[in-house]
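Shown below: input08.cif, with mmCIF, C-alpha atoms.
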data_final
loop_
_atom_site.group_PDB
_atom_site.id
_atom_site.type_symbol
_atom_site.label_atom_id
_atom_site.label_comp_id
_atom_site.auth_asym_id
_atom_site.auth_seq_id
_atom_site.Cartn_x
_atom_site.Cartn_y
_atom_site.Cartn_z
ATOM 1 C CA ALA A 30 47.338 -25.406 -92.021
ATOM 2 C CA PRO A 31 45.844 -26.157 -89.682
ATOM 3 C CA THR A 32 48.701 -25.698 -87.229
ATOM 4 C CA LEU A 33 49.582 -24.151 -83.905
ATOM 5 C CA MET A 34 52.349 -21.591 -83.679
ATOM 6 C CA GLY A 35 53.760 -19.602 -80.812
ATOM 7 C CA GLU A 36 52.310 -21.937 -78.200
ATOM 8 C CA ILE A 37 55.669 -22.904 -76.707
ATOM 9 C CA ALA A 38 56.423 -19.304 -75.783
ATOM 10 C CA LEU A 39 53.030 -19.105 -74.059
ATOM 11 C CA LEU A 40 53.660 -22.229 -72.021
ATOM 12 C CA THR A 41 57.296 -21.605 -71.082
ATOM 13 C CA ASN A 42 57.598 -17.795 -70.958
ATOM 14 C CA ILE A 43 60.659 -18.095 -73.203
ATOM 15 C CA SER A 44 61.080 -15.379 -75.773
ATOM 16 C CA ARG A 45 60.103 -16.391 -79.275
ATOM 17 C CA ARG A 46 62.864 -18.070 -81.247
ATOM 18 C CA ALA A 47 61.326 -17.800 -84.729
ATOM 19 C CA THR A 48 59.356 -15.437 -86.930
ATOM 20 C CA VAL A 49 56.412 -16.710 -88.939
ATOM 21 C CA THR A 50 55.444 -15.041 -92.216
ATOM 22 C CA THR A 51 52.869 -16.021 -94.805
ATOM 23 C CA GLU A 52 53.299 -16.457 -98.524
ATOM 24 C CA SER A 53 49.629 -15.787 -99.265
ATOM 25 C CA SER A 54 46.477 -14.559 -97.543
ATOM 26 C CA THR A 55 46.002 -16.449 -94.299
ATOM 27 C CA MET A 56 43.536 -16.515 -91.458
ATOM 28 C CA ALA A 57 44.881 -17.031 -87.943
ATOM 29 C CA TRP A 58 43.262 -16.970 -84.531
ATOM 30 C CA ARG A 59 45.247 -15.293 -81.811
ATOM 31 C CA ILE A 60 44.946 -16.616 -78.284
ATOM 32 C CA ASP A 61 46.934 -14.672 -75.690
ATOM 33 C CA SER A 62 47.927 -16.003 -72.264
ATOM 34 C CA ASN A 63 44.922 -14.368 -70.531
ATOM 35 C CA LEU A 64 42.445 -16.013 -72.892
ATOM 36 C CA LEU A 65 44.279 -19.336 -72.623
ATOM 37 C CA THR A 66 44.069 -19.144 -68.824
ATOM 38 C CA ARG A 67 40.336 -18.451 -68.947
ATOM 39 C CA LEU A 68 39.757 -21.262 -71.445
ATOM 40 C CA THR A 69 41.682 -23.792 -69.365
ATOM 41 C CA GLU A 70 39.741 -22.784 -66.249
ATOM 42 C CA LYS A 71 36.491 -23.548 -68.081
ATOM 43 C CA HIS A 72 37.882 -26.598 -69.882
ATOM 44 C CA PRO A 73 40.545 -28.271 -67.693
ATOM 45 C CA SER A 74 41.272 -30.934 -70.339
ATOM 46 C CA LEU A 75 42.466 -28.248 -72.790
ATOM 47 C CA MET A 76 45.969 -27.779 -71.348
ATOM 48 C CA PRO A 77 46.892 -31.500 -71.396
ATOM 49 C CA GLN A 78 45.681 -31.638 -75.011
ATOM 50 C CA ILE A 79 47.803 -28.610 -75.946
ATOM 51 C CA ARG A 80 50.817 -30.158 -74.180
ATOM 52 C CA THR A 81 50.270 -33.378 -76.153
ATOM 53 C CA LEU A 82 50.143 -31.426 -79.438
ATOM 54 C CA ILE A 83 53.353 -29.628 -78.517
ATOM 55 C CA ARG A 84 55.074 -32.887 -77.555
ATOM 56 C CA VAL A 85 54.044 -34.594 -80.806
ATOM 57 C CA ARG A 86 55.220 -31.670 -82.918
ATOM 58 C CA LEU A 87 58.540 -31.330 -81.085
ATOM 59 C CA LEU A 88 59.158 -35.074 -81.331
ATOM 60 C CA SER A 89 58.304 -35.060 -85.051
ATOM 61 C CA ASN A 90 60.776 -32.211 -85.564
ATOM 62 C CA LEU A 91 63.410 -34.069 -83.549
ATOM 63 C CA ILE A 92 62.992 -37.253 -85.598
ATOM 64 C CA ARG A 93 63.150 -35.312 -88.853
ATOM 65 C CA MET A 94 66.243 -33.251 -87.886
ATOM 66 C CA ASN A 95 68.387 -35.641 -85.834
ATOM 67 C CA LYS A 96 70.617 -38.225 -87.565
ATOM 68 C CA PHE A 97 70.359 -40.453 -84.490
ATOM 69 C CA PHE A 98 66.918 -41.612 -85.660
ATOM 70 C CA ALA A 99 67.786 -42.103 -89.343
ATOM 71 C CA ASP A 100 68.410 -45.849 -89.265
ATOM 72 C CA MET A 101 65.957 -46.719 -86.489
ATOM 73 C CA ASP A 102 62.901 -48.733 -87.428
ATOM 74 C CA GLU A 103 59.519 -47.220 -86.555
ATOM 75 C CA GLU A 104 58.811 -49.549 -83.618
ATOM 76 C CA THR A 105 62.190 -48.915 -81.935
ATOM 77 C CA ARG A 106 61.827 -45.163 -82.461
ATOM 78 C CA LEU A 107 58.352 -45.229 -80.914
ATOM 79 C CA HIS A 108 59.523 -47.214 -77.848
ATOM 80 C CA PHE A 109 62.488 -44.884 -77.453
ATOM 81 C CA LEU A 110 60.508 -41.653 -77.649
ATOM 82 C CA GLN A 111 57.728 -42.914 -75.371
ATOM 83 C CA ALA A 112 60.308 -43.632 -72.678
ATOM 84 C CA PHE A 113 61.133 -39.926 -72.318
ATOM 85 C CA SER A 114 59.134 -37.502 -70.210
ATOM 86 C CA MET A 115 58.871 -33.862 -71.245
ATOM 87 C CA GLN A 116 59.791 -31.342 -68.580
ATOM 88 C CA THR A 117 59.649 -27.583 -68.373
ATOM 89 C CA VAL A 118 62.883 -26.015 -67.140
ATOM 90 C CA GLU A 119 62.584 -22.751 -65.243
ATOM 91 C CA PRO A 120 64.847 -19.822 -66.221
ATOM 92 C CA GLU A 121 68.357 -19.827 -64.738
ATOM 93 C CA SER A 122 68.232 -23.559 -63.980
ATOM 94 C CA TYR A 123 71.005 -26.123 -63.906
ATOM 95 C CA VAL A 124 69.928 -29.368 -65.557
ATOM 96 C CA ILE A 125 73.268 -31.078 -64.849
ATOM 97 C CA GLN A 126 75.851 -29.970 -62.301
ATOM 98 C CA GLN A 127 79.546 -30.765 -62.507
ATOM 99 C CA GLY A 128 80.660 -33.232 -59.839
ATOM 100 C CA LEU A 129 77.178 -34.681 -59.298
ATOM 101 C CA PRO A 130 75.682 -37.808 -60.871
ATOM 102 C CA THR A 131 73.430 -37.133 -63.855
ATOM 103 C CA THR A 132 69.769 -37.916 -63.169
ATOM 104 C CA GLY A 133 68.893 -38.741 -66.749
ATOM 105 C CA LEU A 134 69.711 -38.618 -70.402
ATOM 106 C CA PHE A 135 68.359 -35.383 -71.845
ATOM 107 C CA VAL A 136 67.326 -33.935 -75.189
ATOM 108 C CA LEU A 137 67.001 -30.171 -75.575
ATOM 109 C CA MET A 138 63.633 -29.561 -77.199
ATOM 110 C CA HIS A 139 63.201 -25.793 -76.856
ATOM 111 C CA GLY A 140 65.419 -23.060 -75.508
ATOM 112 C CA GLU A 141 69.135 -22.593 -75.143
ATOM 113 C CA ALA A 142 71.540 -24.566 -72.988
ATOM 114 C CA VAL A 143 75.142 -23.761 -72.179
ATOM 115 C CA VAL A 144 77.728 -26.371 -71.246
ATOM 116 C CA LEU A 145 80.113 -25.075 -68.583
ATOM 117 C CA VAL A 146 83.216 -26.563 -66.997
ATOM 118 C CA LYS A 147 84.693 -25.395 -63.720
ATOM 119 C CA GLY A 148 88.416 -24.780 -63.899
ATOM 120 C CA ALA A 149 91.043 -25.202 -61.190
ATOM 121 C CA ASP A 150 90.459 -21.561 -60.245
ATOM 122 C CA GLY A 151 86.808 -22.366 -59.430
ATOM 123 C CA ARG A 152 85.408 -20.292 -62.293
ATOM 124 C CA ASN A 153 83.063 -21.634 -64.958
ATOM 125 C CA SER A 154 84.186 -21.484 -68.564
ATOM 126 C CA LYS A 155 81.833 -21.933 -71.477
ATOM 127 C CA LEU A 156 82.587 -25.186 -73.228
ATOM 128 C CA ALA A 157 79.731 -25.332 -75.761
ATOM 129 C CA ASP A 158 76.246 -24.204 -76.695
ATOM 130 C CA LEU A 159 73.568 -26.854 -77.136
ATOM 131 C CA THR A 160 70.892 -26.421 -79.759
ATOM 132 C CA GLU A 161 67.435 -27.872 -80.034
ATOM 133 C CA GLY A 162 67.613 -31.596 -80.746
ATOM 134 C CA ASP A 163 70.953 -32.119 -78.983
ATOM 135 C CA PHE A 164 71.330 -35.046 -76.571
ATOM 136 C CA PHE A 165 73.310 -34.431 -73.382
ATOM 137 C CA GLY A 166 74.276 -36.205 -70.180
ATOM 138 C CA ALA A 167 74.902 -39.628 -71.763
ATOM 139 C CA SER A 168 78.469 -40.162 -70.576
ATOM 140 C CA SER A 169 77.743 -39.574 -66.888
ATOM 141 C CA PHE A 170 74.334 -41.234 -67.078
ATOM 142 C CA PHE A 171 75.553 -44.521 -68.541
ATOM 143 C CA SER A 172 78.816 -44.663 -66.583
ATOM 144 C CA SER A 173 77.144 -43.715 -63.260
ATOM 145 C CA GLN A 174 80.048 -41.325 -62.699
ATOM 146 C CA PRO A 175 79.757 -37.683 -61.608
ATOM 147 C CA SER A 176 79.313 -35.272 -64.482
ATOM 148 C CA LYS A 177 82.421 -33.520 -65.750
ATOM 149 C CA THR A 178 80.366 -30.516 -66.905
ATOM 150 C CA THR A 179 77.426 -28.323 -65.945
ATOM 151 C CA VAL A 180 74.471 -27.680 -68.261
ATOM 152 C CA TYR A 181 72.750 -24.359 -67.600
ATOM 153 C CA MET A 182 69.576 -23.004 -69.219
ATOM 154 C CA PRO A 183 69.535 -19.210 -68.781
ATOM 155 C CA GLU A 184 66.044 -18.705 -70.238
ATOM 156 C CA GLY A 185 64.630 -22.086 -69.271
ATOM 157 C CA GLY A 186 62.935 -24.254 -71.861
ATOM 158 C CA LEU A 187 61.657 -27.731 -72.597
ATOM 159 C CA ILE A 188 63.678 -30.908 -72.310
ATOM 160 C CA LEU A 189 63.037 -34.601 -72.665
ATOM 161 C CA ARG A 190 64.374 -36.739 -69.812
ATOM 162 C CA LEU A 191 65.064 -40.457 -69.887
ATOM 163 C CA THR A 192 65.170 -41.924 -66.371
ATOM 164 C CA PRO A 193 67.155 -44.973 -65.216
ATOM 165 C CA GLN A 194 63.875 -46.923 -64.937
ATOM 166 C CA SER A 195 63.050 -46.123 -68.552
ATOM 167 C CA VAL A 196 66.499 -47.282 -69.659
ATOM 168 C CA ARG A 197 65.926 -50.680 -68.047
ATOM 169 C CA SER A 198 62.705 -51.009 -70.025
ATOM 170 C CA LEU A 199 64.396 -49.949 -73.266
ATOM 171 C CA ARG A 200 67.256 -52.415 -72.783
ATOM 172 C CA SER A 201 64.803 -55.294 -72.885
ATOM 173 C CA GLN A 202 63.127 -53.939 -76.038
ATOM 174 C CA SER A 203 66.237 -52.891 -77.951
ATOM 175 C CA PRO A 204 69.636 -53.941 -76.539
ATOM 176 C CA ALA A 205 71.569 -52.167 -79.325
ATOM 177 C CA LEU A 206 70.035 -48.810 -78.420
ATOM 178 C CA GLU A 207 72.323 -48.162 -75.448
ATOM 179 C CA GLN A 208 75.460 -48.692 -77.583
ATOM 180 C CA LYS A 209 74.102 -46.166 -80.049
ATOM 181 C CA LEU A 210 73.393 -43.637 -77.283
ATOM 182 C CA VAL A 211 76.826 -43.937 -75.683
ATOM 183 C CA ALA A 212 78.625 -43.727 -79.041
#
Encoded form (structure tokens):
Amino acid sequence: APTLMGEIALLTNISRRATVTTESSTMAWRIDSNLLTRLTEKHPSLMPQIRTLIRVRLLSNLIRMNKFFADMDEETRLHFLQAFSMQTVEPESYVIQQGLPTTGLFVLMHGEAVVLVKGADGRNSKLADLTEGDFFGASSFFSSQPSKTTVYMPEGGLILRLTPQSVRSLRSQSPALEQKLVA
């Protein structure tokens, strides 16, 4: 404490993915979506502040859980993470589509993503499930070739997206970073 919990489900309409229990007596304030809407109408700066808190927490979790960041110095990690934009993905959305160029390098921050591949018969087959913290789209993104797979988010969620413009900026700050991403 103090901490926020359950706020991602409020902002994305994705069903909760965790259960929180206490080990001792605890006081918590409950803010439902109706109250949050009323508060943000009265205080428009509230929602950007909540989004910033969510982004910081998700990025902290990503850094702590993902081996990719283990040997990165603090400055490189900061430049890298600042280059990404956080985006909400609507339910039943395709983030990457097979046969089309990838528009970014992505990190799944919240939700579920399914990797599909279209067979010769035209039907999609499930290739893999992505979990929170997984990077995807690197091969197509860095090769500028059409994607060989589709990434679908049935319930929607939150992703980080690195754009081609951001990659150019990162290359000048840390040339070794691209090799690490493609590896």
- Using only C-alpha atoms, which of the listed residues (A:Tyr123, A:Phe171, A:Phe109, A:Trp58) sits closest to Gly186 of chain A?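 Checking each of A:Tyr123, A:Phe171, A:Phe109, A:Trp58 against Gly186 of chain A, counting only C-alpha atoms, the winner is A:Tyr123.
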Chain and number of each residue from the PyMOL selection byres ((chain A and resi 143-148) around 6), as an mmCIF file with C-alpha atoms, keeping the file's coordinate frame:
data_model
loop_
_atom_site.group_PDB
_atom_site.id
_atom_site.type_symbol
_atom_site.label_atom_id
_atom_site.label_comp_id
_atom_site.auth_asym_id
_atom_site.auth_seq_id
_atom_site.Cartn_x
_atom_site.Cartn_y
_atom_site.Cartn_z
ATOM 1 C CA ALA A 142 71.540 -24.566 -72.988
ATOM 2 C CA ALA A 149 91.043 -25.202 -61.190
ATOM 3 C CA ASP A 150 90.459 -21.561 -60.245
ATOM 4 C CA GLY A 151 86.808 -22.366 -59.430
ATOM 5 C CA ARG A 152 85.408 -20.292 -62.293
ATOM 6 C CA ASN A 153 83.063 -21.634 -64.958
ATOM 7 C CA SER A 154 84.186 -21.484 -68.564
ATOM 8 C CA LYS A 155 81.833 -21.933 -71.477
ATOM 9 C CA LEU A 156 82.587 -25.186 -73.228
ATOM 10 C CA ALA A 157 79.731 -25.332 -75.761
ATOM 11 C CA ASP A 158 76.246 -24.204 -76.695
ATOM 12 C CA THR A 178 80.366 -30.516 -66.905
ATOM 13 C CA THR A 179 77.426 -28.323 -65.945
ATOM 14 C CA VAL A 180 74.471 -27.680 -68.261
ATOM 15 C CA TYR A 181 72.750 -24.359 -67.600
#
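Separating atom CA of Phe164 of chain A from atom CA of Leu107 of chain A is a distance of 17.1 Å.
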- Task: List, as a list in words, every residue that the PyMOL selection byres ((chain A and resi 32) around 12) selects in the file provided.
- Result: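 On the file shown, the PyMOL selection byres ((chain A and resi 32) around 12) covers Ala30, Pro31, Leu33, Met34, Gly35, Glu36, Val49, Thr55, Met56, Ala57, Trp58, Ile79, Leu82, Ile83 and Arg86 of chain A.
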Could you give me the axis-aligned bounding box of segment 177-181 of chain A, with 6 Å of padding per side, as centre plus edge lengths in Å to one decimal, as AutoDock Vina command-line options?
--center_x 77.6 --center_y -28.9 --center_z -67.0 --size_x 21.7 --size_y 21.2 --size_z 14.5
- Query: From the set A:Phe135, A:Phe165, A:Phe170, A:Phe113, which residue has the shortest atom-to-atom contact distance to Arg84 of chain A, counting only C-alpha atoms?
  - Reply: A:Phe113
- Task: Excluding Val136 of chain A and residues on its chain fewer than 6 positions from it, collect all residues at most 7 Å away from it, counting all atoms listed in the file, and give them as a ChimeraX atom specification.
- Result: /A:162-165,188-190
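For the pair atom CA of Asp61 of chain A and atom CA of Glu141 of chain A, the interatomic distance is 23.6 Å.
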